[in-house]
file upload01.cif (mmCIF, C-alpha atoms)
data_final
loop_
_atom_site.label_atom_id
_atom_site.label_comp_id
_atom_site.auth_asym_id
_atom_site.auth_seq_id
_atom_site.Cartn_x
_atom_site.Cartn_y
_atom_site.Cartn_z
CA MET H 702 0.00 0.00 0.00
CA THR H 703 1.43 3.38 -0.97
CA LEU H 704 0.00 6.70 0.02
CA THR H 705 -0.68 9.22 -2.74
CA PRO H 706 0.33 12.89 -2.49
CA ASP H 707 -3.34 13.67 -1.81
CA ASP H 708 -3.34 11.23 1.10
CA TRP H 709 -0.22 12.84 2.53
CA GLU H 710 -1.81 16.25 2.28
CA VAL H 711 -4.81 15.00 4.25
CA ILE H 712 -2.56 13.43 6.89
CA ARG H 713 -0.37 16.52 7.22
CA LEU H 714 -3.41 18.75 7.52
CA SER H 715 -5.04 16.48 10.10
CA LEU H 716 -1.91 16.39 12.25
CA LYS H 717 -1.50 20.16 11.96
CA VAL H 718 -5.12 20.81 12.92
CA ALA H 719 -5.05 18.34 15.83
CA ILE H 720 -1.68 19.47 17.23
CA VAL H 721 -2.41 23.20 16.97
CA GLY H 722 -5.90 22.69 18.39
CA VAL H 723 -4.67 20.68 21.37
CA VAL H 724 -1.64 22.85 22.15
CA LEU H 725 -3.77 26.00 22.11
CA THR H 726 -6.41 24.34 24.28
CA LEU H 727 -3.97 23.06 26.90
CA PRO H 728 -3.45 26.29 28.90
CA VAL H 729 -7.18 27.04 28.75
CA ALA H 730 -8.03 23.49 29.82
CA PHE H 731 -5.53 23.63 32.69
CA GLY H 732 -6.89 26.96 33.90
CA LEU H 733 -10.48 25.68 33.77
CA ALA H 734 -9.52 22.39 35.42
CA TYR H 735 -7.74 24.25 38.21
CA ALA H 736 -10.67 26.61 38.73
CA LEU H 737 -13.14 23.72 38.79
CA ALA H 738 -10.98 21.57 41.07
CA ARG H 739 -9.99 24.26 43.56
CA GLY H 740 -12.21 27.26 43.07
CA ARG H 741 -15.22 28.03 45.24
CA PHE H 742 -17.00 30.75 43.31
CA PRO H 743 -20.61 31.43 42.30
CA GLY H 744 -21.39 29.98 38.89
CA ARG H 745 -18.93 27.10 39.23
CA ILE H 746 -21.62 24.55 38.41
CA LEU H 747 -22.70 26.58 35.39
CA LEU H 748 -19.09 26.85 34.18
CA ASP H 749 -18.70 23.09 34.65
CA ALA H 750 -21.82 22.51 32.54
CA VAL H 751 -20.73 24.90 29.78
CA VAL H 752 -17.28 23.24 29.57
CA HIS H 753 -18.96 19.86 29.16
CA LEU H 754 -21.46 21.02 26.53
CA PRO H 755 -19.37 19.96 23.50
CA LEU H 756 -19.24 16.45 24.98
CA VAL H 757 -23.02 16.06 25.09
CA LEU H 758 -24.30 18.32 22.29
CA PRO H 759 -24.59 16.87 18.79
CA PRO H 760 -21.30 17.96 17.18
CA VAL H 761 -23.22 19.52 14.31
CA VAL H 762 -24.87 21.86 16.80
CA THR H 763 -21.48 22.80 18.28
CA GLY H 764 -20.27 23.55 14.75
CA TRP H 765 -23.32 25.67 14.08
CA ILE H 766 -22.73 27.64 17.32
CA LEU H 767 -19.12 28.21 16.23
CA LEU H 768 -20.44 29.40 12.87
CA ILE H 769 -22.70 31.92 14.60
CA LEU H 770 -19.97 33.16 16.96
CA PHE H 771 -16.93 33.04 14.68
CA GLY H 772 -18.48 33.65 11.28
CA ARG H 773 -17.41 36.85 9.55
CA ASN H 774 -20.51 38.60 10.86
CA GLY H 775 -20.52 36.87 14.19
CA PRO H 776 -19.66 38.76 17.40
CA ILE H 777 -16.22 37.16 17.83
CA GLY H 778 -15.47 36.44 14.16
CA GLY H 779 -16.33 39.99 13.13
CA TRP H 780 -14.11 41.40 15.87
CA LEU H 781 -11.18 39.14 14.86
CA ASP H 782 -11.65 40.23 11.26
CA ARG H 783 -11.73 43.95 12.07
CA MET H 784 -8.93 43.94 14.64
CA PHE H 785 -6.49 41.46 13.15
CA GLY H 786 -7.79 40.61 9.70
CA VAL H 787 -8.09 37.00 10.87
CA THR H 788 -10.71 34.78 9.31
CA LEU H 789 -11.47 31.31 10.62
CA MET H 790 -14.25 30.45 8.20
CA PHE H 791 -13.30 27.77 5.66
CA ARG H 792 -9.67 27.84 6.87
CA TRP H 793 -7.59 25.22 8.61
CA THR H 794 -7.44 27.56 11.62
CA GLY H 795 -11.21 27.22 11.91
CA ALA H 796 -10.83 23.43 11.81
CA ALA H 797 -8.26 23.72 14.61
CA LEU H 798 -10.71 25.83 16.64
CA ALA H 799 -13.45 23.23 16.14
CA ALA H 800 -11.02 20.47 17.19
CA ALA H 801 -9.99 22.51 20.23
CA VAL H 802 -13.56 23.11 21.39
CA MET H 803 -14.44 19.43 20.98
CA ALA H 804 -11.29 18.33 22.83
CA LEU H 805 -11.72 20.82 25.69
CA PRO H 806 -14.11 18.83 27.93
CA LEU H 807 -12.01 15.67 27.70
CA MET H 808 -8.84 17.56 28.54
CA VAL H 809 -10.47 19.45 31.42
CA ARG H 810 -11.80 16.20 32.91
CA ALA H 811 -8.45 14.43 32.79
CA ILE H 812 -6.48 17.37 34.19
CA ARG H 813 -9.06 18.14 36.85
CA LEU H 814 -8.94 14.60 38.24
CA SER H 815 -5.19 14.88 38.45
CA ILE H 816 -5.29 18.23 40.26
CA GLU H 817 -7.89 16.91 42.70
CA ALA H 818 -5.56 14.00 43.45
CA VAL H 819 -2.73 16.31 44.53
CA ASP H 820 -2.40 16.30 48.31
CA ARG H 821 -2.93 19.93 49.29
CA ARG H 822 -0.97 19.38 52.48
CA LEU H 823 2.12 19.11 50.29
CA GLU H 824 1.46 22.68 49.20
CA GLY H 825 1.26 23.67 52.87
CA ALA H 826 4.61 21.98 53.43
CA ALA H 827 6.08 23.94 50.52
CA ARG H 828 4.73 27.20 51.94
CA SER H 829 6.15 26.50 55.40
CA LEU H 830 9.51 25.87 53.71
CA GLY H 831 9.45 29.40 52.33
CA ALA H 832 7.74 28.97 48.95
CA SER H 833 5.40 31.67 47.68
CA PRO H 834 2.00 30.44 46.50
CA TRP H 835 3.25 30.72 42.91
CA ARG H 836 6.43 28.74 43.60
CA ALA H 837 4.42 26.11 45.48
CA PHE H 838 2.17 25.82 42.43
CA CYS H 839 5.06 25.53 39.97
CA THR H 840 7.18 23.12 42.00
CA VAL H 841 4.52 20.95 43.67
CA THR H 842 1.00 21.22 42.22
CA LEU H 843 1.97 21.40 38.56
CA PRO H 844 4.49 18.53 38.46
CA LEU H 845 2.20 16.30 40.52
CA SER H 846 -0.67 16.89 38.10
CA LEU H 847 1.42 16.16 34.99
CA PRO H 848 0.02 12.63 34.48
CA GLY H 849 -3.41 14.19 33.96
CA VAL H 850 -1.90 16.74 31.58
CA TRP H 851 -0.37 13.94 29.47
CA ALA H 852 -3.60 11.96 29.54
CA GLY H 853 -5.55 15.08 28.57
CA LEU H 854 -3.17 15.84 25.71
CA VAL H 855 -3.48 12.36 24.24
CA LEU H 856 -7.25 12.19 24.68
CA GLY H 857 -7.62 15.63 23.17
CA PHE H 858 -5.30 14.79 20.29
CA ALA H 859 -7.20 11.58 19.48
CA ARG H 860 -10.52 13.39 19.76
CA SER H 861 -9.25 16.15 17.44
CA LEU H 862 -8.03 13.68 14.82
CA GLY H 863 -11.49 12.11 14.75
CA GLU H 864 -13.43 15.35 14.79
CA PHE H 865 -16.06 15.41 12.03
CA GLY H 866 -19.44 16.97 12.78
CA ALA H 867 -18.43 20.31 14.25
CA THR H 868 -15.68 20.76 11.68
CA ILE H 869 -17.79 20.07 8.60
CA SER H 870 -20.64 22.31 9.77
CA PHE H 871 -18.30 25.15 10.81
CA VAL H 872 -15.64 25.17 8.09
CA SER H 873 -17.09 22.83 5.46
CA ASN H 874 -15.09 20.38 3.34
CA ILE H 875 -12.32 22.16 1.46
CA PRO H 876 -9.35 20.16 0.15
CA GLY H 877 -6.11 21.40 1.64
CA GLN H 878 -7.84 23.64 4.18
CA THR H 879 -10.47 21.75 6.14
CA ARG H 880 -10.58 18.25 4.64
CA THR H 881 -9.13 16.29 7.57
CA LEU H 882 -8.94 12.48 7.77
CA PRO H 883 -12.54 11.73 8.77
CA ILE H 884 -13.89 14.23 6.25
CA ALA H 885 -11.66 12.84 3.50
CA ILE H 886 -12.87 9.32 4.31
CA TYR H 887 -16.46 10.51 4.26
CA THR H 888 -15.85 12.22 0.90
CA ALA H 889 -14.25 9.08 -0.56
CA LEU H 890 -17.21 7.02 0.59
CA GLN H 891 -19.41 9.17 -1.66
CA LEU H 892 -17.25 8.41 -4.70
CA PRO H 893 -18.07 5.34 -6.84
CA ASP H 894 -14.39 4.27 -6.93
CA GLY H 895 -13.30 5.63 -3.53
CA ASP H 896 -12.88 2.26 -1.76
CA SER H 897 -9.10 2.17 -1.95
CA ILE H 898 -8.84 5.71 -0.57
CA VAL H 899 -11.13 4.75 2.29
CA VAL H 900 -9.03 1.71 3.15
CA ARG H 901 -5.75 3.63 3.07
CA LEU H 902 -6.99 6.55 5.17
CA ALA H 903 -8.82 4.27 7.61
CA LEU H 904 -5.60 2.31 8.19
CA VAL H 905 -3.72 5.57 8.72
CA SER H 906 -6.35 6.63 11.28
CA VAL H 907 -5.95 3.37 13.18
CA ALA H 908 -2.17 3.72 13.15
CA LEU H 909 -2.25 7.32 14.41
CA SER H 910 -4.72 6.54 17.18
CA LEU H 911 -2.75 3.49 18.29
CA GLY H 912 0.45 5.52 18.23
CA ALA H 913 -1.12 8.19 20.43
CA LEU H 914 -2.37 5.62 22.94
CA ILE H 915 1.01 3.88 23.12
CA ALA H 916 2.77 7.22 23.52
CA SER H 917 0.48 8.17 26.40
CA GLU H 918 0.98 4.82 28.10
CA TRP H 919 4.74 5.26 27.80
CA LEU H 920 4.59 8.79 29.20
CA VAL H 921 2.46 7.74 32.15
CA ARG H 922 4.74 4.80 32.91
CA ARG H 923 7.83 6.97 32.72
CA GLN H 924 6.13 9.41 35.07
CA SER H 925 5.03 6.79 37.57
CA GLY H 926 8.48 5.23 37.43
CA ARG H 927 9.82 8.45 38.86
CA ALA H 928 7.23 8.92 41.56
CA HIS H 929 3.94 7.38 42.46
CA VAL H 930 1.37 10.01 41.81
CA LEU H 931 -2.28 9.69 40.76
CA MET S 267 10.04 34.35 75.41
CA SER S 268 10.39 31.55 72.87
CA PHE S 269 6.67 31.04 72.39
CA GLU S 270 3.76 33.27 73.37
CA VAL S 271 0.58 31.69 72.07
CA ASP S 272 -3.00 32.60 72.87
CA VAL S 273 -5.38 31.44 70.13
CA ALA S 274 -8.88 30.13 69.62
CA LYS S 275 -10.42 28.47 66.60
CA ARG S 276 -13.71 26.74 65.96
CA LEU S 277 -13.40 23.72 63.67
CA GLY S 278 -16.81 22.21 63.04
CA GLU S 279 -18.10 21.10 66.43
CA ALA S 280 -14.77 21.41 68.22
CA GLU S 281 -13.50 24.58 69.85
CA ILE S 282 -9.73 24.74 70.13
CA ALA S 283 -8.45 27.25 72.64
CA VAL S 284 -4.96 27.33 74.06
CA SER S 285 -2.85 29.86 75.88
CA PHE S 286 0.74 29.39 77.00
CA GLN S 287 4.09 31.12 77.29
CA SER S 288 7.38 29.32 77.33
CA ASP S 289 11.02 30.22 77.37
CA ALA S 290 12.30 26.66 77.37
CA GLY S 291 14.48 25.15 74.63
CA VAL S 292 11.90 22.46 74.01
CA THR S 293 8.28 23.12 74.86
CA ALA S 294 5.99 20.13 74.66
CA LEU S 295 2.30 20.19 73.78
CA PHE S 296 1.03 17.11 75.51
CA GLY S 297 -2.46 15.70 75.17
CA PRO S 298 -4.64 12.91 73.79
CA SER S 299 -5.32 12.37 70.09
CA GLY S 300 -8.01 14.65 68.76
CA SER S 301 -7.33 17.42 71.28
CA GLY S 302 -6.30 19.83 68.54
CA LYS S 303 -2.52 19.74 68.93
CA THR S 304 -1.88 19.58 65.19
CA SER S 305 -4.31 22.45 64.60
CA ILE S 306 -2.32 24.55 67.08
CA LEU S 307 0.90 23.85 65.18
CA ASN S 308 -0.85 24.67 61.90
CA MET S 309 -1.96 28.00 63.35
CA ILE S 310 1.58 28.82 64.43
CA ALA S 311 2.90 27.80 61.00
CA GLY S 312 0.29 29.95 59.27
CA LEU S 313 -1.46 27.03 57.54
CA LEU S 314 -4.63 27.56 59.59
CA ILE S 315 -5.97 30.99 60.52
CA PRO S 316 -7.15 31.38 64.14
CA ASP S 317 -10.49 33.04 64.79
CA ARG S 318 -8.80 35.28 67.34
CA GLY S 319 -5.73 35.59 69.50
CA ARG S 320 -2.05 36.27 69.05
CA ILE S 321 1.09 34.32 68.25
CA VAL S 322 4.57 35.66 69.03
CA VAL S 323 7.66 33.52 68.53
CA GLY S 324 11.09 34.72 69.61
CA GLY S 325 9.75 38.26 69.99
CA VAL S 326 8.36 38.38 66.42
CA SER S 327 4.63 38.76 66.05
CA LEU S 328 3.28 36.21 63.56
CA PHE S 329 -0.43 36.74 64.17
CA GLY S 330 -2.70 39.13 66.00
CA GLN S 331 -3.43 42.85 66.24
CA GLY S 332 -3.77 43.16 62.49
CA VAL S 333 -0.74 41.00 61.74
CA ASN S 334 -1.10 37.75 59.82
CA LEU S 335 2.18 36.70 58.23
CA ALA S 336 2.03 34.32 55.26
CA PRO S 337 3.39 30.83 56.01
CA GLU S 338 6.50 31.51 53.93
CA ALA S 339 7.26 34.64 55.96
CA ARG S 340 7.12 32.92 59.37
CA HIS S 341 10.35 30.93 59.03
CA ALA S 342 8.92 27.90 60.78
CA GLY S 343 10.73 24.60 60.39
CA TYR S 344 7.69 22.32 60.41
CA VAL S 345 8.23 18.56 60.77
CA PHE S 346 4.91 16.95 59.95
CA GLN S 347 3.64 13.78 61.56
CA ASP S 348 3.58 11.99 58.20
CA ALA S 349 6.96 13.47 57.05
CA ARG S 350 5.13 14.88 54.02
CA LEU S 351 8.09 14.64 51.66
CA PHE S 352 7.54 15.73 48.06
CA PRO S 353 6.98 12.43 46.19
CA HIS S 354 8.28 13.75 42.88
CA LEU S 355 11.64 14.91 44.28
CA LYS S 356 14.56 12.78 45.39
CA VAL S 357 15.84 13.07 48.96
CA ARG S 358 18.50 15.62 48.06
CA ALA S 359 15.97 17.89 46.30
CA ASN S 360 13.56 17.48 49.22
CA LEU S 361 16.28 18.53 51.65
CA LEU S 362 17.18 21.57 49.57
CA TYR S 363 13.62 22.68 48.81
CA GLY S 364 13.62 25.43 51.42
CA ALA S 365 17.37 26.07 51.40
CA GLY S 366 17.06 29.15 49.23
CA ARG S 367 15.83 31.47 51.93
CA GLY S 368 18.91 33.13 53.26
CA ALA S 369 22.23 32.15 54.78
CA GLY S 370 22.98 31.83 58.46
CA GLY S 371 21.49 28.40 58.86
CA VAL S 372 23.17 25.05 58.61
CA THR S 373 24.64 23.56 55.44
CA LEU S 374 23.55 20.44 53.61
CA ASP S 375 26.73 18.66 54.67
CA GLU S 376 26.13 19.47 58.32
CA VAL S 377 22.54 18.24 58.21
CA VAL S 378 23.46 15.10 56.30
CA ASP S 379 26.11 14.42 58.92
CA LEU S 380 23.91 15.24 61.91
CA LEU S 381 21.02 13.04 60.75
CA GLY S 382 22.97 10.28 58.97
CA LEU S 383 21.43 10.88 55.54
CA ALA S 384 24.47 10.40 53.27
CA HIS S 385 23.32 7.06 51.82
CA LEU S 386 19.78 8.32 51.20
CA LEU S 387 20.44 11.39 49.05
CA GLY S 388 19.75 9.71 45.68
CA ARG S 389 16.62 7.84 46.79
CA TRP S 390 12.94 8.52 46.06
CA PRO S 391 10.82 9.20 49.16
CA ARG S 392 8.59 6.18 48.54
CA THR S 393 11.58 3.86 48.96
CA LEU S 394 12.35 5.17 52.46
CA SER S 395 11.32 3.51 55.70
CA GLY S 396 9.25 5.54 58.17
CA GLY S 397 12.28 6.44 60.24
CA GLU S 398 14.36 7.43 57.21
CA ALA S 399 11.54 9.62 55.88
CA GLN S 400 11.19 11.29 59.27
CA ARG S 401 14.93 12.03 59.42
CA VAL S 402 14.76 13.58 55.92
CA ALA S 403 11.77 15.65 57.02
CA ILE S 404 13.73 16.95 60.02
CA GLY S 405 16.70 17.73 57.77
CA ARG S 406 14.46 19.53 55.26
CA ALA S 407 13.02 21.69 58.04
CA LEU S 408 16.48 22.49 59.45
CA LEU S 409 17.81 23.47 56.01
CA SER S 410 15.02 26.00 55.44
CA ASN S 411 16.88 28.32 57.82
CA PRO S 412 14.07 28.32 60.40
CA ARG S 413 13.84 30.57 63.43
CA PHE S 414 12.02 27.82 65.34
CA LEU S 415 10.93 24.21 64.90
CA LEU S 416 7.45 22.72 65.05
CA MET S 417 7.49 18.94 65.46
CA ASP S 418 4.22 17.04 65.22
CA GLU S 419 4.54 13.58 66.77
CA PRO S 420 7.64 12.81 64.72
CA LEU S 421 7.89 9.38 66.39
CA ALA S 422 4.24 8.35 66.07
CA SER S 423 4.56 5.94 63.18
CA LEU S 424 7.85 4.36 64.23
CA ASP S 425 8.76 1.22 66.15
CA ARG S 426 10.55 1.49 69.47
CA ALA S 427 14.15 1.19 68.21
CA ARG S 428 13.60 3.71 65.40
CA ALA S 429 11.83 6.08 67.78
CA ASP S 430 14.80 6.02 70.17
CA GLU S 431 17.13 6.76 67.27
CA ILE S 432 15.10 9.78 66.10
CA LEU S 433 14.72 11.00 69.68
CA ALA S 434 18.51 11.01 69.99
CA MET S 435 18.69 13.01 66.72
CA ILE S 436 16.24 15.57 68.06
CA GLU S 437 18.30 15.92 71.24
CA ARG S 438 21.36 16.55 69.11
CA VAL S 439 19.48 19.16 67.09
CA ARG S 440 18.23 20.78 70.30
CA ASP S 441 21.71 20.98 71.79
CA ALA S 442 23.62 21.82 68.60
CA LEU S 443 21.40 24.45 66.98
CA LYS S 444 19.70 26.12 69.95
CA LEU S 445 16.44 26.64 68.05
CA PRO S 446 13.23 26.97 70.07
CA ILE S 447 11.28 23.76 69.51
CA LEU S 448 7.56 23.19 69.99
CA TYR S 449 7.10 19.43 70.23
CA VAL S 450 3.71 17.73 70.02
CA SER S 451 3.21 14.31 71.54
CA HIS S 452 0.76 12.09 73.35
CA ASN S 453 3.62 10.02 74.80
CA ARG S 454 4.57 10.98 78.36
CA ALA S 455 8.04 9.36 78.24
CA GLU S 456 9.05 11.27 75.09
CA VAL S 457 7.87 14.53 76.58
CA ASP S 458 9.69 13.96 79.87
CA ARG S 459 12.92 13.14 78.09
CA LEU S 460 12.95 16.12 75.70
CA ALA S 461 11.07 19.02 77.09
CA ALA S 462 11.83 21.55 79.78
CA GLN S 463 8.27 22.86 79.79
CA VAL S 464 5.07 20.92 79.18
CA VAL S 465 1.75 22.40 78.11
CA ALA S 466 -1.13 19.99 78.74
CA ILE S 467 -3.95 20.12 76.19
CA HIS S 468 -7.35 18.75 77.18
CA ARG S 469 -10.02 17.65 74.84
#
call {"tool": "encode", "arguments": {"input": "upload01.cif", "output": "structure tokens"}}
result
Amino acid sequence: MTLTPDDWEVIRLSLKVAIVGVVLTLPVAFGLAYALARGRFPGRILLDAVVHLPLVLPPVVTGWILLILFGRNGPIGGWLDRMFGVTLMFRWTGAALAAAVMALPLMVRAIRLSIEAVDRRLEGAARSLGASPWRAFCTVTLPLSLPGVWAGLVLGFARSLGEFGATISFVSNIPGQTRTLPIAIYTALQLPDGDSIVVRLALVSVALSLGALIASEWLVRRQSGRAHVL
Amino acid sequence: MSFEVDVAKRLGEAEIAVSFQSDAGVTALFGPSGSGKTSILNMIAGLLIPDRGRIVVGGVSLFGQGVNLAPEARHAGYVFQDARLFPHLKVRANLLYGAGRGAGGVTLDEVVDLLGLAHLLGRWPRTLSGGEAQRVAIGRALLSNPRFLLMDEPLASLDRARADEILAMIERVRDALKLPILYVSHNRAEVDRLAAQVVAIHR
């Protein structure tokens, strides 16, 4: 089996969309996870629900909401266009945003569990040893919650690679811009002679997902080899 | 005065109230489990805020009359009952965690020598026995350049032989470093051996 240049373009685009989406989501997901794990503020339950919406809404609806918000005439999309000349519609950046939004709840859940598992008394020990709250966070809380960060990254990456509904309704199906692996497979399924494309891209999907899972397992093992956390 | 403490705190159903002054080298807080001894140490360390009262250690006001120093500003060397070592740092990094805050204290070499830690420096905390972990915890507290030590039942989880060994270490620390020590225990023999002044806590 050899991959055609078109296949490679789809794979490159999918990886780019998934990696950019997940890397941009990570700080947001960590901040939300920390707020939900530790914060006691009014509206916490509402925030929790909103973060989880993409997990339970039909992805097409999430894509439509993104279209409303980030379309050229939408409140956020219009602002981005005026201020920075940035357009997300029908661009790979829009696909990355859709992937990010869909990955967010999974990443927040994984990281939040990890933060909740950190023994807060260790932070007290750090403070009594002279650490500022910020240093205690950087040297104790953050490293001890890294397993959840790795798990969240891998889950989010896998979810982004498979993202279909929100992407196709937000940024459509444009070769080279928004036609990621699942959308390319879907497109090939519509073609009378697309079977061989489907097989090739499906096998690539399996390989990428397996690779991500094995990488996460390896990272978690390496982590737990150093210290037993989680 | 080494310690001037007069604090009160309501925790759920329990009311913790204690008042004592001590100028001894080692002051013991002696009382049954659940009498709030650990909470008193936490208040002195700044990890628990009293409802009211004042805390002065070595002439420096830590709490009261509008003062409430952050834990990192109190310079307490706190040895927790469960050692509470950082699981993601090796022994050496644990020992040095608080060593950045100013000179004048003891050096790593001195602490390693005093507490017999040389063979443990490259180990992970989870591979240590209870007594080893407790010695590292004492060393970590000493290396943070403390003005005083808070020790919360440092012998509680140890067998008799180990407990005697750690007790001897604490006596060496007491005599070598001349730091005021507040020592919590429910064991009369420990308290009698170490402390010059005993504060009895009732439930």
call {"tool": "closest_residue", "arguments": {"input": "upload01.cif", "among": "H:Ala730, H:Leu914, H:Leu882, H:Ala796", "to": "H:Arg901", "atoms": "all atoms listed in the file"}}
result
H:Leu882
call {"tool": "interface_residues", "arguments": {"input": "upload01.cif", "of": "chain H", "to": "chain S", "cutoff": "6 Å", "atoms": "only C-alpha atoms", "output": "PyMOL selection string"}}
result
chain H and resi 828-832+928
call {"tool": "atom_distance", "arguments": {"input": "upload01.cif", "atom1": "atom CA of S:Gln347", "atom2": "atom CA of S:Asp418"}}
result
4.9 Å
call {"tool": "atom_distance", "arguments": {"input": "upload01.cif", "atom1": "atom CA of H:Leu727", "atom2": "atom CA of H:Gly877"}}
result
25.4 Å
call {"tool": "resolve_selection", "arguments": {"input": "upload01.cif", "expression": "the PyMOL selection byres ((chain H and resi 746-754) around 12)", "output": "PDB file with C-alpha atoms, keeping the file's coordinate frame"}}
result
ATOM      1  CA  VAL H 729      -7.180  27.040  28.750  1.00  0.00           C
ATOM      2  CA  ALA H 730      -8.030  23.490  29.820  1.00  0.00           C
ATOM      3  CA  GLY H 732      -6.890  26.960  33.900  1.00  0.00           C
ATOM      4  CA  LEU H 733     -10.480  25.680  33.770  1.00  0.00           C
ATOM      5  CA  ALA H 734      -9.520  22.390  35.420  1.00  0.00           C
ATOM      6  CA  TYR H 735      -7.740  24.250  38.210  1.00  0.00           C
ATOM      7  CA  ALA H 736     -10.670  26.610  38.730  1.00  0.00           C
ATOM      8  CA  LEU H 737     -13.140  23.720  38.790  1.00  0.00           C
ATOM      9  CA  ALA H 738     -10.980  21.570  41.070  1.00  0.00           C
ATOM     10  CA  GLY H 740     -12.210  27.260  43.070  1.00  0.00           C
ATOM     11  CA  ARG H 741     -15.220  28.030  45.240  1.00  0.00           C
ATOM     12  CA  PHE H 742     -17.000  30.750  43.310  1.00  0.00           C
ATOM     13  CA  PRO H 743     -20.610  31.430  42.300  1.00  0.00           C
ATOM     14  CA  GLY H 744     -21.390  29.980  38.890  1.00  0.00           C
ATOM     15  CA  ARG H 745     -18.930  27.100  39.230  1.00  0.00           C
ATOM     16  CA  PRO H 755     -19.370  19.960  23.500  1.00  0.00           C
ATOM     17  CA  LEU H 756     -19.240  16.450  24.980  1.00  0.00           C
ATOM     18  CA  VAL H 757     -23.020  16.060  25.090  1.00  0.00           C
ATOM     19  CA  LEU H 758     -24.300  18.320  22.290  1.00  0.00           C
ATOM     20  CA  PRO H 759     -24.590  16.870  18.790  1.00  0.00           C
ATOM     21  CA  PRO H 760     -21.300  17.960  17.180  1.00  0.00           C
ATOM     22  CA  VAL H 762     -24.870  21.860  16.800  1.00  0.00           C
ATOM     23  CA  THR H 763     -21.480  22.800  18.280  1.00  0.00           C
ATOM     24  CA  ILE H 766     -22.730  27.640  17.320  1.00  0.00           C
ATOM     25  CA  ALA H 801      -9.990  22.510  20.230  1.00  0.00           C
ATOM     26  CA  VAL H 802     -13.560  23.110  21.390  1.00  0.00           C
ATOM     27  CA  MET H 803     -14.440  19.430  20.980  1.00  0.00           C
ATOM     28  CA  ALA H 804     -11.290  18.330  22.830  1.00  0.00           C
ATOM     29  CA  LEU H 805     -11.720  20.820  25.690  1.00  0.00           C
ATOM     30  CA  PRO H 806     -14.110  18.830  27.930  1.00  0.00           C
ATOM     31  CA  LEU H 807     -12.010  15.670  27.700  1.00  0.00           C
ATOM     32  CA  MET H 808      -8.840  17.560  28.540  1.00  0.00           C
ATOM     33  CA  VAL H 809     -10.470  19.450  31.420  1.00  0.00           C
ATOM     34  CA  ARG H 810     -11.800  16.200  32.910  1.00  0.00           C
ATOM     35  CA  ARG H 813      -9.060  18.140  36.850  1.00  0.00           C
TER      36      ARG H 813
END
call {"tool": "residues_near_point", "arguments": {"input": "upload01.cif", "point": "(-11.1, 6.7, 7.7)", "cutoff": "7 Å", "atoms": "only C-alpha atoms", "output": "PyMOL selection string"}}
result
chain H and resi 882-883+886+899+902-903+906
call {"tool": "resolve_selection", "arguments": {"input": "upload01.cif", "expression": "the PyMOL selection byres ((chain S and resi 297) around 7)", "output": "list of chain:residue names"}}
result
S:Leu295, S:Phe296, S:Pro298, S:Ser299, S:Ser301, S:Ser451, S:His452, S:Ala466, S:Ile467, S:His468
call {"tool": "resolve_selection", "arguments": {"input": "upload01.cif", "expression": "the PyMOL selection byres ((chain S and resi 456) around 10)", "output": "list in words"}}
result
Ala294, Phe296, Glu419, Leu421, Ala429, Asp430, Leu433, Tyr449, Val450, Ser451, His452, Asn453, Arg454, Ala455, Val457, Asp458, Arg459, Leu460 and Ala461 of chain S
call {"tool": "build_atoms", "arguments": {"input": "upload01.cif", "residues": "stretch 769-778 of chain H", "atoms": "N, CA and C atoms", "output": "PDB file, keeping the file's coordinate frame"}}
result
ATOM      1  N   ILE H 769     -22.032  30.691  14.165  1.00  0.00           N
ATOM      2  CA  ILE H 769     -22.700  31.920  14.600  1.00  0.00           C
ATOM      3  C   ILE H 769     -21.703  32.874  15.261  1.00  0.00           C
ATOM      4  N   LEU H 770     -20.868  32.316  16.170  1.00  0.00           N
ATOM      5  CA  LEU H 770     -19.970  33.160  16.960  1.00  0.00           C
ATOM      6  C   LEU H 770     -18.769  33.638  16.145  1.00  0.00           C
ATOM      7  N   PHE H 771     -18.208  32.751  15.326  1.00  0.00           N
ATOM      8  CA  PHE H 771     -16.930  33.040  14.680  1.00  0.00           C
ATOM      9  C   PHE H 771     -17.056  33.308  13.182  1.00  0.00           C
ATOM     10  N   GLY H 772     -18.283  33.278  12.665  1.00  0.00           N
ATOM     11  CA  GLY H 772     -18.480  33.650  11.280  1.00  0.00           C
ATOM     12  C   GLY H 772     -18.078  35.111  11.059  1.00  0.00           C
ATOM     13  N   ARG H 773     -17.932  35.509   9.804  1.00  0.00           N
ATOM     14  CA  ARG H 773     -17.410  36.850   9.550  1.00  0.00           C
ATOM     15  C   ARG H 773     -18.306  37.934  10.140  1.00  0.00           C
ATOM     16  N   ASN H 774     -19.617  37.620  10.259  1.00  0.00           N
ATOM     17  CA  ASN H 774     -20.510  38.600  10.860  1.00  0.00           C
ATOM     18  C   ASN H 774     -20.847  38.289  12.307  1.00  0.00           C
ATOM     19  N   GLY H 775     -20.260  37.239  12.797  1.00  0.00           N
ATOM     20  CA  GLY H 775     -20.520  36.870  14.190  1.00  0.00           C
ATOM     21  C   GLY H 775     -19.822  37.811  15.145  1.00  0.00           C
ATOM     22  N   PRO H 776     -20.231  37.807  16.424  1.00  0.00           N
ATOM     23  CA  PRO H 776     -19.660  38.760  17.400  1.00  0.00           C
ATOM     24  C   PRO H 776     -18.150  38.597  17.580  1.00  0.00           C
ATOM     25  N   ILE H 777     -17.660  37.348  17.628  1.00  0.00           N
ATOM     26  CA  ILE H 777     -16.220  37.160  17.830  1.00  0.00           C
ATOM     27  C   ILE H 777     -15.493  37.178  16.486  1.00  0.00           C
ATOM     28  N   GLY H 778     -16.086  36.492  15.484  1.00  0.00           N
ATOM     29  CA  GLY H 778     -15.470  36.440  14.160  1.00  0.00           C
ATOM     30  C   GLY H 778     -15.326  37.809  13.540  1.00  0.00           C
TER      31      GLY H 778
END
